[in-house]
file query_16.cif (mmCIF, C-alpha atoms)
data_my_file
#
loop_
_atom_site.label_atom_id
_atom_site.label_comp_id
_atom_site.auth_asym_id
_atom_site.auth_seq_id
_atom_site.Cartn_x
_atom_site.Cartn_y
_atom_site.Cartn_z
CA MET A 26 23.48 12.53 14.39
CA ILE A 27 22.98 8.81 14.89
CA MET A 28 26.12 6.72 14.67
CA ALA A 29 25.93 3.96 12.10
CA TYR A 30 25.94 0.32 13.10
CA ILE A 31 28.66 -1.95 11.74
CA ASP A 32 27.37 -4.98 9.86
CA VAL A 33 29.07 -8.12 11.22
CA SER A 34 26.98 -10.56 9.16
CA MET A 35 28.32 -12.95 6.54
CA PRO A 36 26.90 -12.33 3.06
CA ILE A 37 24.88 -15.35 1.89
CA HIS A 38 25.62 -16.45 -1.68
CA PRO A 39 26.12 -19.72 -3.60
CA GLN A 40 29.93 -19.68 -3.34
CA MET A 41 30.13 -18.70 0.31
CA MET A 42 32.10 -20.49 2.98
CA VAL A 43 30.17 -23.42 4.47
CA TYR A 44 30.96 -25.87 7.25
CA LYS A 45 33.64 -28.36 6.19
CA ASN A 46 33.15 -27.16 2.60
CA LYS A 47 30.28 -29.64 2.15
CA PRO A 48 28.64 -28.96 -1.23
CA GLU A 49 25.17 -29.76 0.15
CA LYS A 50 25.56 -26.91 2.62
CA LYS A 51 25.95 -24.25 -0.09
CA PRO A 52 22.84 -22.12 -0.49
CA ILE A 53 21.06 -22.28 -3.84
CA PHE A 54 19.59 -19.19 -5.48
CA ILE A 55 17.14 -19.52 -8.36
CA GLN A 56 16.08 -16.30 -10.02
CA ASP A 57 12.64 -16.66 -11.59
CA ASN A 58 12.65 -13.67 -13.92
CA LYS A 59 9.39 -13.11 -15.80
CA LEU A 60 9.79 -9.38 -16.34
CA GLU A 61 9.82 -9.78 -20.12
CA LEU A 62 6.35 -11.31 -19.80
CA GLY A 63 5.08 -8.28 -17.90
CA GLN A 64 5.28 -10.23 -14.66
CA SER A 65 7.86 -10.04 -11.87
CA CYS A 66 11.31 -11.27 -10.93
CA GLU A 67 11.49 -13.36 -7.77
CA THR A 68 14.40 -15.25 -6.28
CA ILE A 69 13.88 -18.57 -4.50
CA ILE A 70 16.51 -19.60 -1.98
CA THR A 71 17.27 -23.02 -0.55
CA MET A 72 19.49 -22.94 2.49
CA ASN A 73 20.37 -24.69 5.69
CA VAL A 74 19.31 -22.52 8.64
CA HIS A 75 22.90 -22.83 9.95
CA THR A 76 24.26 -20.98 6.92
CA GLY A 77 26.38 -17.88 7.47
CA THR A 78 25.55 -15.79 10.51
CA HIS A 79 23.01 -17.66 12.59
CA MET A 80 21.96 -18.79 16.04
CA ASP A 81 21.68 -22.33 17.34
CA PHE A 82 18.81 -23.74 19.39
CA PRO A 83 19.19 -26.84 21.59
CA LEU A 84 17.44 -29.17 19.10
CA HIS A 85 20.48 -28.71 16.85
CA MET A 86 22.52 -30.95 19.18
CA MET A 87 20.14 -32.43 21.78
CA ILE A 88 17.35 -34.98 21.28
CA GLY A 89 14.11 -33.29 22.33
CA GLY A 90 15.90 -29.96 22.73
CA LYS A 91 14.15 -26.60 22.61
CA THR A 92 13.60 -24.94 19.25
CA SER A 93 13.16 -21.37 18.06
CA THR A 94 9.51 -21.44 19.19
CA ASP A 95 8.92 -18.79 21.87
CA PHE A 96 12.29 -17.12 21.24
CA ASP A 97 11.93 -13.41 22.00
CA PRO A 98 14.05 -11.31 19.62
CA ASN A 99 14.35 -8.65 22.31
CA GLU A 100 16.89 -11.00 23.94
CA LEU A 101 19.42 -10.15 21.25
CA ILE A 102 18.98 -6.37 21.25
CA ARG A 103 21.47 -5.66 23.99
CA ARG A 104 24.96 -4.69 25.14
CA VAL A 105 27.80 -7.09 24.25
CA LYS A 106 31.53 -7.29 24.86
CA VAL A 107 33.86 -8.14 21.97
CA LEU A 108 36.94 -10.05 23.18
CA THR A 109 39.92 -10.39 20.85
CA ILE A 110 41.70 -13.72 21.27
CA LEU A 111 44.29 -14.31 18.55
CA ASN A 112 47.10 -16.76 17.79
CA THR A 113 45.36 -19.85 19.09
CA ASP A 114 43.08 -22.44 17.53
CA LYS A 115 41.51 -23.31 20.90
CA ILE A 116 39.88 -20.90 23.30
CA LEU A 117 40.59 -22.17 26.79
CA ALA A 118 39.06 -21.18 30.11
CA GLU A 119 42.36 -19.38 30.76
CA HIS A 120 41.75 -17.07 27.82
CA LEU A 121 38.39 -16.00 29.26
CA MET A 122 39.86 -15.59 32.76
CA GLY A 123 41.90 -12.71 31.43
CA TYR A 124 38.74 -10.61 31.20
CA ASP A 125 36.54 -9.05 33.85
CA LEU A 126 33.37 -10.97 32.96
CA GLN A 127 30.17 -10.49 34.95
CA ALA A 128 26.99 -12.54 35.31
CA GLY A 129 24.68 -11.70 32.42
CA ASP A 130 27.47 -10.65 30.04
CA PHE A 131 27.10 -11.53 26.37
CA ILE A 132 30.49 -11.97 24.70
CA LEU A 133 31.53 -12.09 21.05
CA LEU A 134 34.83 -13.82 20.34
CA LYS A 135 37.04 -12.26 17.69
CA THR A 136 39.65 -14.82 16.68
CA ASP A 137 41.96 -15.59 13.79
CA ASN A 138 38.83 -16.87 11.99
CA SER A 139 37.94 -13.27 11.17
CA LEU A 140 41.10 -13.01 9.04
CA SER A 141 39.82 -15.31 6.29
CA ASP A 142 36.70 -15.83 4.19
CA THR A 143 37.49 -19.47 3.45
CA PHE A 144 36.69 -22.41 5.68
CA SER A 145 39.58 -23.75 7.75
CA PHE A 146 39.46 -27.27 9.15
CA SER A 147 41.56 -25.97 12.05
CA PHE A 148 39.30 -23.01 12.84
CA THR A 149 39.48 -21.53 16.32
CA TYR A 150 36.80 -22.93 18.62
CA LEU A 151 35.60 -22.76 22.18
CA THR A 152 36.74 -25.74 24.27
CA LYS A 153 34.38 -27.51 26.63
CA GLU A 154 36.43 -26.23 29.57
CA ALA A 155 35.86 -22.68 28.38
CA ALA A 156 32.15 -23.47 28.00
CA GLU A 157 32.07 -24.70 31.60
CA TYR A 158 33.79 -21.50 32.68
CA ALA A 159 31.11 -19.49 30.82
CA VAL A 160 28.40 -21.40 32.68
CA ASN A 161 30.06 -20.76 36.02
CA LYS A 162 30.32 -17.08 35.16
CA LYS A 163 26.58 -17.12 34.25
CA LEU A 164 27.15 -15.56 30.84
CA ALA A 165 24.00 -14.81 28.81
CA GLY A 166 25.43 -15.59 25.40
CA ILE A 167 28.50 -16.29 23.30
CA GLY A 168 29.07 -15.41 19.68
CA ILE A 169 32.00 -16.54 17.58
CA ASP A 170 33.45 -15.76 14.15
CA ALA A 171 33.37 -19.43 13.09
CA LEU A 172 30.59 -21.42 11.45
CA GLY A 173 30.73 -23.71 14.49
CA ILE A 174 31.46 -22.89 18.10
CA GLU A 175 33.38 -26.17 18.41
CA ARG A 176 35.09 -28.87 16.37
CA ASP A 177 36.64 -32.28 16.95
CA GLN A 178 35.10 -32.79 20.39
CA PRO A 179 33.06 -36.05 20.48
CA ASN A 180 29.36 -35.50 21.32
CA HIS A 181 29.62 -31.72 20.94
CA PRO A 182 30.15 -30.90 24.63
CA THR A 183 30.65 -27.15 24.07
CA HIS A 184 27.20 -26.93 22.50
CA SER A 185 25.58 -29.18 25.10
CA ILE A 186 27.12 -27.39 28.07
CA LEU A 187 26.07 -23.95 26.82
CA MET A 188 22.61 -25.10 25.71
CA ALA A 189 21.89 -26.82 29.03
CA ALA A 190 22.59 -23.49 30.73
CA ASN A 191 20.38 -21.52 28.27
CA ILE A 192 23.39 -19.57 27.01
CA PHE A 193 22.72 -18.20 23.54
CA ILE A 194 25.07 -19.35 20.76
CA LEU A 195 25.70 -17.11 17.74
CA GLU A 196 27.90 -18.45 14.93
CA GLY A 197 29.29 -17.15 11.66
CA LEU A 198 29.99 -13.59 12.82
CA ARG A 199 32.41 -11.48 10.77
CA LEU A 200 34.35 -9.38 13.27
CA GLN A 201 37.30 -8.12 11.22
CA ALA A 202 35.96 -4.55 11.30
CA VAL A 203 35.45 -4.30 15.06
CA GLU A 204 37.96 -3.92 17.87
CA GLN A 205 37.78 -5.27 21.38
CA GLY A 206 35.33 -3.25 23.43
CA GLU A 207 31.68 -2.73 24.30
CA TYR A 208 28.95 -2.50 21.68
CA GLU A 209 25.20 -2.28 21.39
CA MET A 210 24.14 -5.32 19.37
CA ILE A 211 21.06 -5.82 17.23
CA ALA A 212 20.88 -9.47 16.17
CA LEU A 213 17.62 -10.31 14.42
CA PRO A 214 16.88 -13.76 13.01
CA LEU A 215 14.04 -14.48 10.63
CA SER A 216 10.76 -15.32 12.37
CA MET A 217 10.46 -19.11 12.13
CA ASN A 218 9.16 -21.44 14.84
CA GLY A 219 10.21 -25.02 15.50
CA CYS A 220 13.71 -24.63 14.10
CA ASP A 221 17.08 -25.90 15.34
CA GLY A 222 18.74 -22.71 14.11
CA LEU A 223 17.87 -19.39 12.51
CA PRO A 224 19.74 -17.27 9.96
CA MET A 225 20.15 -13.69 11.14
CA ARG A 226 21.53 -10.22 10.55
CA VAL A 227 23.83 -8.82 13.24
CA MET A 228 24.78 -5.16 13.66
CA LEU A 229 27.08 -3.58 16.26
CA GLN A 230 27.37 0.01 17.40
CA GLU A 231 30.35 1.02 19.48
CA VAL A 232 29.61 2.33 22.97
CA LYS A 233 31.55 5.55 23.45
CA MET B 22 14.90 -0.32 32.04
CA ILE B 23 14.84 -0.72 28.26
CA MET B 24 11.38 -0.87 26.72
CA ALA B 25 10.81 -3.97 24.63
CA TYR B 26 10.33 -3.78 20.89
CA ILE B 27 7.13 -5.13 19.39
CA ASP B 28 7.65 -7.79 16.74
CA VAL B 29 5.67 -6.86 13.61
CA SER B 30 7.05 -9.72 11.48
CA MET B 31 5.00 -12.53 9.97
CA PRO B 32 6.05 -15.98 11.20
CA ILE B 33 7.36 -18.09 8.32
CA HIS B 34 6.00 -21.65 8.19
CA PRO B 35 4.72 -24.11 5.57
CA GLN B 36 1.04 -23.23 6.03
CA MET B 37 1.49 -19.46 6.13
CA MET B 38 -0.40 -16.93 4.04
CA VAL B 39 1.22 -16.45 0.61
CA TYR B 40 0.40 -14.17 -2.31
CA LYS B 41 -2.76 -15.29 -4.09
CA ASN B 42 -2.57 -18.58 -2.14
CA LYS B 43 -0.25 -19.99 -4.80
CA PRO B 44 1.05 -23.37 -3.57
CA GLU B 45 4.47 -22.79 -5.13
CA LYS B 46 4.89 -19.74 -2.90
CA LYS B 47 4.58 -21.72 0.34
CA PRO B 48 7.92 -22.16 2.09
CA ILE B 49 9.22 -25.69 2.49
CA PHE B 50 10.96 -26.87 5.66
CA ILE B 51 12.93 -30.11 5.69
CA GLN B 52 14.27 -31.19 9.05
CA ASP B 53 17.37 -33.34 8.63
CA ASN B 54 17.53 -34.94 12.07
CA LYS B 55 20.57 -37.18 12.62
CA LEU B 56 20.73 -36.82 16.40
CA GLU B 57 20.13 -40.55 16.91
CA LEU B 58 23.32 -41.16 14.90
CA GLY B 59 25.30 -38.89 17.20
CA GLN B 60 25.21 -36.15 14.59
CA SER B 61 23.10 -33.00 14.46
CA CYS B 62 19.62 -31.78 13.50
CA GLU B 63 19.53 -29.15 10.76
CA THR B 64 16.56 -27.64 8.97
CA ILE B 65 16.77 -26.73 5.28
CA ILE B 66 14.35 -24.08 4.05
CA THR B 67 13.24 -23.32 0.51
CA MET B 68 11.47 -20.01 0.16
CA ASN B 69 10.74 -17.16 -2.17
CA VAL B 70 12.52 -14.02 -0.91
CA HIS B 71 9.14 -12.23 -1.05
CA THR B 72 7.71 -14.54 1.62
CA GLY B 73 6.20 -13.02 4.76
CA THR B 74 7.76 -9.77 5.95
CA HIS B 75 10.22 -8.58 3.33
CA MET B 76 11.49 -5.66 1.29
CA ASP B 77 11.36 -5.21 -2.47
CA PHE B 78 14.21 -4.02 -4.69
CA PRO B 79 13.60 -2.49 -8.15
CA LEU B 80 14.62 -5.67 -10.03
CA HIS B 81 11.43 -7.24 -8.64
CA MET B 82 9.38 -5.16 -11.10
CA MET B 83 11.80 -3.34 -13.44
CA ILE B 84 14.03 -4.83 -16.14
CA GLY B 85 17.61 -3.96 -15.20
CA GLY B 86 16.47 -2.60 -11.83
CA LYS B 87 18.71 -2.31 -8.79
CA THR B 88 19.08 -5.26 -6.48
CA SER B 89 19.95 -5.71 -2.81
CA THR B 90 23.64 -5.24 -3.63
CA ASP B 91 24.99 -2.18 -1.79
CA PHE B 92 21.90 -1.87 0.40
CA ASP B 93 22.95 -0.41 3.76
CA PRO B 94 20.92 -1.91 6.62
CA ASN B 95 21.41 1.30 8.60
CA GLU B 96 18.76 2.78 6.28
CA LEU B 97 16.07 0.78 8.06
CA ILE B 98 17.11 1.50 11.64
CA ARG B 99 15.13 4.71 12.03
CA ARG B 100 12.04 6.60 13.12
CA VAL B 101 8.77 5.70 11.39
CA LYS B 102 5.15 6.84 11.53
CA VAL B 103 2.36 4.26 11.69
CA LEU B 104 -0.81 5.52 9.97
CA THR B 105 -4.08 3.69 10.58
CA ILE B 106 -6.31 3.68 7.49
CA LEU B 107 -9.31 1.36 7.92
CA ASN B 108 -12.56 0.58 6.10
CA THR B 109 -11.18 0.90 2.58
CA ASP B 110 -9.57 -1.54 0.15
CA LYS B 111 -7.72 1.26 -1.70
CA ILE B 112 -5.41 3.82 -0.13
CA LEU B 113 -5.87 7.03 -2.08
CA ALA B 114 -3.79 10.19 -2.09
CA GLU B 115 -6.64 11.74 -0.09
CA HIS B 116 -6.03 9.30 2.75
CA LEU B 117 -2.40 10.36 3.00
CA MET B 118 -3.31 14.06 2.76
CA GLY B 119 -5.02 13.72 6.12
CA TYR B 120 -1.60 13.44 7.78
CA ASP B 121 1.14 15.96 8.40
CA LEU B 122 3.80 14.17 6.34
CA GLN B 123 7.27 15.66 5.92
CA ALA B 124 10.07 15.06 3.43
CA GLY B 125 12.10 12.08 4.63
CA ASP B 126 9.26 10.46 6.55
CA PHE B 127 8.98 6.69 6.53
CA ILE B 128 5.38 5.53 6.93
CA LEU B 129 3.88 2.16 7.80
CA LEU B 130 0.28 1.65 6.72
CA LYS B 131 -1.96 -0.22 9.14
CA THR B 132 -5.07 -1.31 7.25
CA ASP B 133 -7.83 -3.88 7.48
CA ASN B 134 -5.22 -6.39 6.26
CA SER B 135 -3.87 -6.55 9.82
CA LEU B 136 -7.19 -8.03 11.00
CA SER B 137 -6.68 -11.38 9.24
CA ASP B 138 -3.99 -14.02 8.85
CA THR B 139 -5.44 -15.37 5.62
CA PHE B 140 -4.85 -13.99 2.15
CA SER B 141 -7.63 -11.81 0.74
CA PHE B 142 -7.90 -11.23 -3.00
CA SER B 143 -9.36 -7.82 -2.16
CA PHE B 144 -6.56 -6.81 0.21
CA THR B 145 -6.06 -3.10 0.84
CA TYR B 146 -3.35 -1.64 -1.39
CA LEU B 147 -1.69 1.65 -2.22
CA THR B 148 -3.02 3.21 -5.43
CA LYS B 149 -0.71 4.73 -8.00
CA GLU B 150 -2.12 8.17 -7.18
CA ALA B 151 -1.13 7.68 -3.55
CA ALA B 152 2.33 6.54 -4.72
CA GLU B 153 2.66 9.73 -6.76
CA TYR B 154 1.66 11.75 -3.70
CA ALA B 155 4.36 9.94 -1.68
CA VAL B 156 6.94 10.87 -4.31
CA ASN B 157 5.85 14.51 -4.26
CA LYS B 158 6.08 14.50 -0.49
CA LYS B 159 9.60 13.00 -0.78
CA LEU B 160 8.87 10.14 1.59
CA ALA B 161 11.79 7.83 2.39
CA GLY B 162 9.84 4.61 2.61
CA ILE B 163 6.46 2.94 2.84
CA GLY B 164 5.58 -0.27 4.61
CA ILE B 165 2.25 -2.06 4.40
CA ASP B 166 0.50 -4.96 6.14
CA ALA B 167 -0.16 -6.76 2.84
CA LEU B 168 2.01 -9.21 0.93
CA GLY B 169 1.94 -6.76 -1.97
CA ILE B 170 1.80 -2.99 -1.92
CA GLU B 171 -0.56 -3.09 -4.90
CA ARG B 172 -2.95 -5.34 -6.82
CA ASP B 173 -4.95 -5.24 -10.02
CA GLN B 174 -3.07 -2.29 -11.54
CA PRO B 175 -1.59 -3.24 -14.95
CA ASN B 176 2.21 -2.91 -15.10
CA HIS B 177 2.55 -2.43 -11.33
CA PRO B 178 2.64 1.38 -11.34
CA THR B 179 2.68 1.73 -7.54
CA HIS B 180 5.87 -0.32 -7.40
CA SER B 181 7.44 1.44 -10.38
CA ILE B 182 6.62 4.94 -9.16
CA LEU B 183 8.03 4.29 -5.69
CA MET B 184 11.09 2.42 -6.99
CA ALA B 185 11.95 5.13 -9.52
CA ALA B 186 12.03 7.60 -6.61
CA ASN B 187 14.17 5.30 -4.42
CA ILE B 188 11.38 4.96 -1.87
CA PHE B 189 11.83 1.81 0.19
CA ILE B 190 8.98 -0.72 0.03
CA LEU B 191 8.34 -3.06 2.98
CA GLU B 192 5.61 -5.68 2.64
CA GLY B 193 4.04 -8.33 4.85
CA LEU B 194 4.08 -6.34 8.10
CA ARG B 195 1.78 -7.47 10.92
CA LEU B 196 0.55 -4.29 12.60
CA GLN B 197 -2.40 -5.53 14.68
CA ALA B 198 -0.48 -4.91 17.93
CA VAL B 199 0.54 -1.31 17.23
CA GLU B 200 -1.50 1.88 17.24
CA GLN B 201 -1.10 4.95 15.10
CA GLY B 202 1.91 6.95 16.26
CA GLU B 203 5.69 7.31 16.06
CA TYR B 204 8.04 4.40 16.55
CA GLU B 205 11.70 3.53 16.37
CA MET B 206 11.99 0.77 13.76
CA ILE B 207 14.64 -1.90 13.38
CA ALA B 208 14.08 -3.72 10.08
CA LEU B 209 16.90 -6.12 9.27
CA PRO B 210 16.88 -8.34 6.18
CA LEU B 211 19.25 -11.25 5.69
CA SER B 212 22.54 -10.29 4.04
CA MET B 213 22.19 -11.37 0.41
CA ASN B 214 23.42 -9.49 -2.64
CA GLY B 215 21.90 -9.44 -6.10
CA CYS B 216 18.35 -10.13 -4.95
CA ASP B 217 15.02 -8.65 -6.03
CA GLY B 218 13.74 -8.90 -2.46
CA LEU B 219 14.93 -9.86 1.01
CA PRO B 220 13.12 -11.55 3.89
CA MET B 221 13.46 -9.59 7.11
CA ARG B 222 12.60 -9.19 10.77
CA VAL B 223 10.95 -5.93 11.79
CA MET B 224 10.65 -4.59 15.33
CA LEU B 225 9.00 -1.38 16.54
CA GLN B 226 9.44 0.55 19.78
CA GLU B 227 6.95 3.24 20.67
CA VAL B 228 8.33 6.74 20.99
CA LYS B 229 7.01 8.20 24.25
#

call {"tool": "encode", "arguments": {"input": "query_16.cif", "output": "structure tokens"}}
result
Amino acid sequence: MIMAYIDVSMPIHPQMMVYKNKPEKKPIFIQDNKLELGQSCETIITMNVHTGTHMDFPLHMMIGGKTSTDFDPNELIRRVKVLTILNTDKILAEHLMGYDLQAGDFILLKTDNSLSDTFSFSFTYLTKEAAEYAVNKKLAGIGIDALGIERDQPNHPTHSILMAANIFILEGLRLQAVEQGEYEMIALPLSMNGCDGLPMRVMLQEVK
Amino acid sequence: MIMAYIDVSMPIHPQMMVYKNKPEKKPIFIQDNKLELGQSCETIITMNVHTGTHMDFPLHMMIGGKTSTDFDPNELIRRVKVLTILNTDKILAEHLMGYDLQAGDFILLKTDNSLSDTFSFSFTYLTKEAAEYAVNKKLAGIGIDALGIERDQPNHPTHSILMAANIFILEGLRLQAVEQGEYEMIALPLSMNGCDGLPMRVMLQEVK
């Protein structure tokens, strides 16, 4: 008996939560239904690649930064550690110090963001000091249950610090259904080269 | 040492192969680059959900058919059998009879389609007789290396027959790098409800 994976992806739909509630960031779905004509029904979507659950590539925040080209999806089929950090709107280096993190660890941050399906302008984010700590610890990746891994820091230092160290950034996770612990993750983005971000599906299976 | 998965997904880009080379089926990428303004770079994509590697839901071909709502992605994390059927533009029931297929099997059809990255109007497809055979055999799903699982059959009987039997249909696979045999498949579509199809990433790992 194979244990089911838990889906920690955000459903994509026209009314979904988007960054800062900007209307232009809402995905658009057009259903072209020609079934009555003996033809087919096909939906056309228009969406920002940073919609819902997605990964960032350096070009998102850095001039001349790397894109999704040459990304190997095997990188995101791996063990991860879910850390639960509640009752704060800023994740500090001190929060991460409370865990036994090893070089190569990939962490997913479960915060108060997972409690709501609406965008909060005071969402919990990862501070630049915590990003520096992650670099020093040689983490492989960080995921968070917010549409952005940072807010209100001029020049996006959390992004830049992590990207410069080739630490993967996953955003828009929905972690309400998972507890702190170790999981096998399958995180597969669509196959698109040259992009600053990629929408993805993320599944977790608890490690017993 | 974990063995890598083989990516059998079709890269999505503006010049990619689309069904019948219809210009309106080509995906559109708009890169909104505001990095010079101290902001970010974000790509917006417009695409038909039946672009590249994707799955079909009954609404694609049947009035009132089921959509992606309630689809459980665990269904497509499973064992599959790749069958190599070359030198024909029609897969007949007789082709499938050559294999020891069991109830619950999920098959991926590697055909001459995998030899080319351009659309062929005479692409290899699954005939309605082969679809009926699949239903009798109680297969769980069929994937094919064509953008459609059928062509030139009035009223899309291959689709209808498979859909009526709840047999999953995966299209747009790229199987040139895999040989006939058994594989563990991870096929994850984006999380979108109410759709007639879903774009996806598909990975295969050989079973030794």

call {"tool": "closest_residue", "arguments": {"input": "query_16.cif", "among": "A:Met86, A:Ser145, A:Gln205, A:Asp177", "to": "Leu111 (chain A)", "atoms": "only C-alpha atoms"}}
result
A:Gln205

call {"tool": "atom_distance", "arguments": {"input": "query_16.cif", "atom1": "CA of Asp137 (chain A)", "atom2": "CA of Ala118 (chain A)"}}
result
17.5 Å

call {"tool": "interface_residues", "arguments": {"input": "query_16.cif", "of": "chain A", "to": "chain B", "cutoff": "8 Å", "atoms": "all atoms listed in the file", "output": "PyMOL selection string"}}
result
chain A and resi 29-30+32+34-38+60-61+63-75+84-88+98-99+180+213-218+220-222+224-226

call {"tool": "atom_distance", "arguments": {"input": "query_16.cif", "atom1": "CA of Arg199 (chain A)", "atom2": "CA of His184 (chain A)"}}
result
20.1 Å

call {"tool": "closest_residue", "arguments": {"input": "query_16.cif", "among": "A:Ala171, A:Leu151, A:Met80, A:Ala165", "to": "Leu195 (chain A)", "atoms": "all atoms listed in the file"}}
result
A:Met80

call {"tool": "resolve_selection", "arguments": {"input": "query_16.cif", "expression": "the PyMOL selection byres ((chain A and resi 41-47) around 7)", "output": "list in words"}}
result
Ile37, His38, Pro39, Gln40, Pro48, Glu49, Lys50, Lys51, Thr76, Asp142, Thr143, Phe144, Phe146 and Leu172 of chain A

call {"tool": "axis_aligned_box", "arguments": {"input": "query_16.cif", "around": "region 173-192 of chain A", "padding_each_side": "6 Å", "output": "JSON"}}
result
{"center_x": 28.5, "center_y": -27.8, "center_z": 22.6, "size_x": 28.3, "size_y": 28.5, "size_z": 28.2}

call {"tool": "residues_around", "arguments": {"input": "query_16.cif", "residues": "Lys115 (chain A)", "least_positions_apart": "6", "cutoff": "9 Å", "atoms": "all atoms listed in the file", "output": "tab-separated table (two decimals) with C-alpha atoms, keeping the file's coordinate frame"}}
result
chain	number	residue	atom	x	y	z
A	148	PHE	CA	39.30	-23.01	12.84
A	149	THR	CA	39.48	-21.53	16.32
A	150	TYR	CA	36.80	-22.93	18.62
A	151	LEU	CA	35.60	-22.76	22.18
A	152	THR	CA	36.74	-25.74	24.27
A	175	GLU	CA	33.38	-26.17	18.41

call {"tool": "resolve_selection", "arguments": {"input": "query_16.cif", "expression": "the PyMOL selection byres ((chain A and resi 153) around 6)", "output": "list in words"}}
result
Thr152, Glu154, Ala155, Ala156, Pro182 and Thr183 of chain A

call {"tool": "atom_distance", "arguments": {"input": "query_16.cif", "atom1": "CA of Ile170 (chain B)", "atom2": "CA of Glu192 (chain B)"}}
result
6.5 Å

call {"tool": "closest_residue", "arguments": {"input": "query_16.cif", "among": "A:Val107, A:His120, A:Leu198, A:Phe131", "to": "Asp170 (chain A)", "atoms": "all atoms listed in the file"}}
result
A:Leu198

call {"tool": "resolve_selection", "arguments": {"input": "query_16.cif", "expression": "the PyMOL selection byres ((chain A and resi 134) around 9)", "output": "list in words"}}
result
Lys106, Val107, Leu108, Thr109, Ile110, Ile132, Leu133, Lys135, Thr136, Ile167, Gly168, Ile169, Asp170, Leu198 and Leu200 of chain A

call {"tool": "decode", "arguments": {"input": "query_16.cif", "residues": "region 86-102 of chain B", "atoms": "N, CA and C atoms", "output": "CSV table (one decimal), in the first residue's frame"}}
result
chain,number,residue,atom,x,y,z
B,86,GLY,N,-19.6,17.0,-19.5
B,86,GLY,CA,-18.6,16.1,-19.0
B,86,GLY,C,-17.9,16.6,-17.8
B,87,LYS,N,-17.2,15.7,-17.1
B,87,LYS,CA,-16.5,16.0,-15.8
B,87,LYS,C,-15.3,16.9,-16.2
B,88,THR,N,-14.9,17.7,-15.2
B,88,THR,CA,-13.8,18.6,-15.4
B,88,THR,C,-12.7,18.2,-14.4
B,89,SER,N,-11.7,19.0,-14.3
B,89,SER,CA,-10.5,18.7,-13.4
B,89,SER,C,-10.9,18.8,-11.9
B,90,THR,N,-12.1,19.4,-11.6
B,90,THR,CA,-12.5,19.5,-10.2
B,90,THR,C,-12.5,18.1,-9.6
B,91,ASP,N,-12.0,18.0,-8.4
B,91,ASP,CA,-11.9,16.7,-7.7
B,91,ASP,C,-10.9,15.7,-8.2
B,92,PHE,N,-10.1,16.1,-9.2
B,92,PHE,CA,-9.0,15.2,-9.6
B,92,PHE,C,-8.0,15.1,-8.5
B,93,ASP,N,-7.6,13.9,-8.2
B,93,ASP,CA,-6.6,13.6,-7.2
B,93,ASP,C,-5.3,13.3,-7.8
B,94,PRO,N,-4.3,14.2,-7.6
B,94,PRO,CA,-3.0,14.0,-8.3
B,94,PRO,C,-2.3,12.8,-7.9
B,95,ASN,N,-2.7,12.1,-6.8
B,95,ASN,CA,-2.1,10.9,-6.5
B,95,ASN,C,-2.4,9.8,-7.5
B,96,GLU,N,-3.4,10.0,-8.3
B,96,GLU,CA,-3.8,9.0,-9.4
B,96,GLU,C,-2.7,8.8,-10.4
B,97,LEU,N,-1.9,9.9,-10.6
B,97,LEU,CA,-0.9,9.9,-11.6
B,97,LEU,C,0.6,9.8,-11.1
B,98,ILE,N,0.7,9.3,-9.8
B,98,ILE,CA,2.0,9.0,-9.3
B,98,ILE,C,1.9,7.4,-9.1
B,99,ARG,N,2.4,6.7,-10.1
B,99,ARG,CA,2.2,5.3,-10.2
B,99,ARG,C,3.0,4.6,-11.2
B,100,ARG,N,3.0,3.3,-11.2
B,100,ARG,CA,3.6,2.4,-12.2
B,100,ARG,C,3.0,2.5,-13.5
B,101,VAL,N,3.8,2.6,-14.6
B,101,VAL,CA,3.2,2.6,-16.0
B,101,VAL,C,4.1,1.6,-16.8
B,102,LYS,N,3.5,1.2,-18.0
B,102,LYS,CA,4.2,0.4,-18.9
B,102,LYS,C,4.3,1.2,-20.2
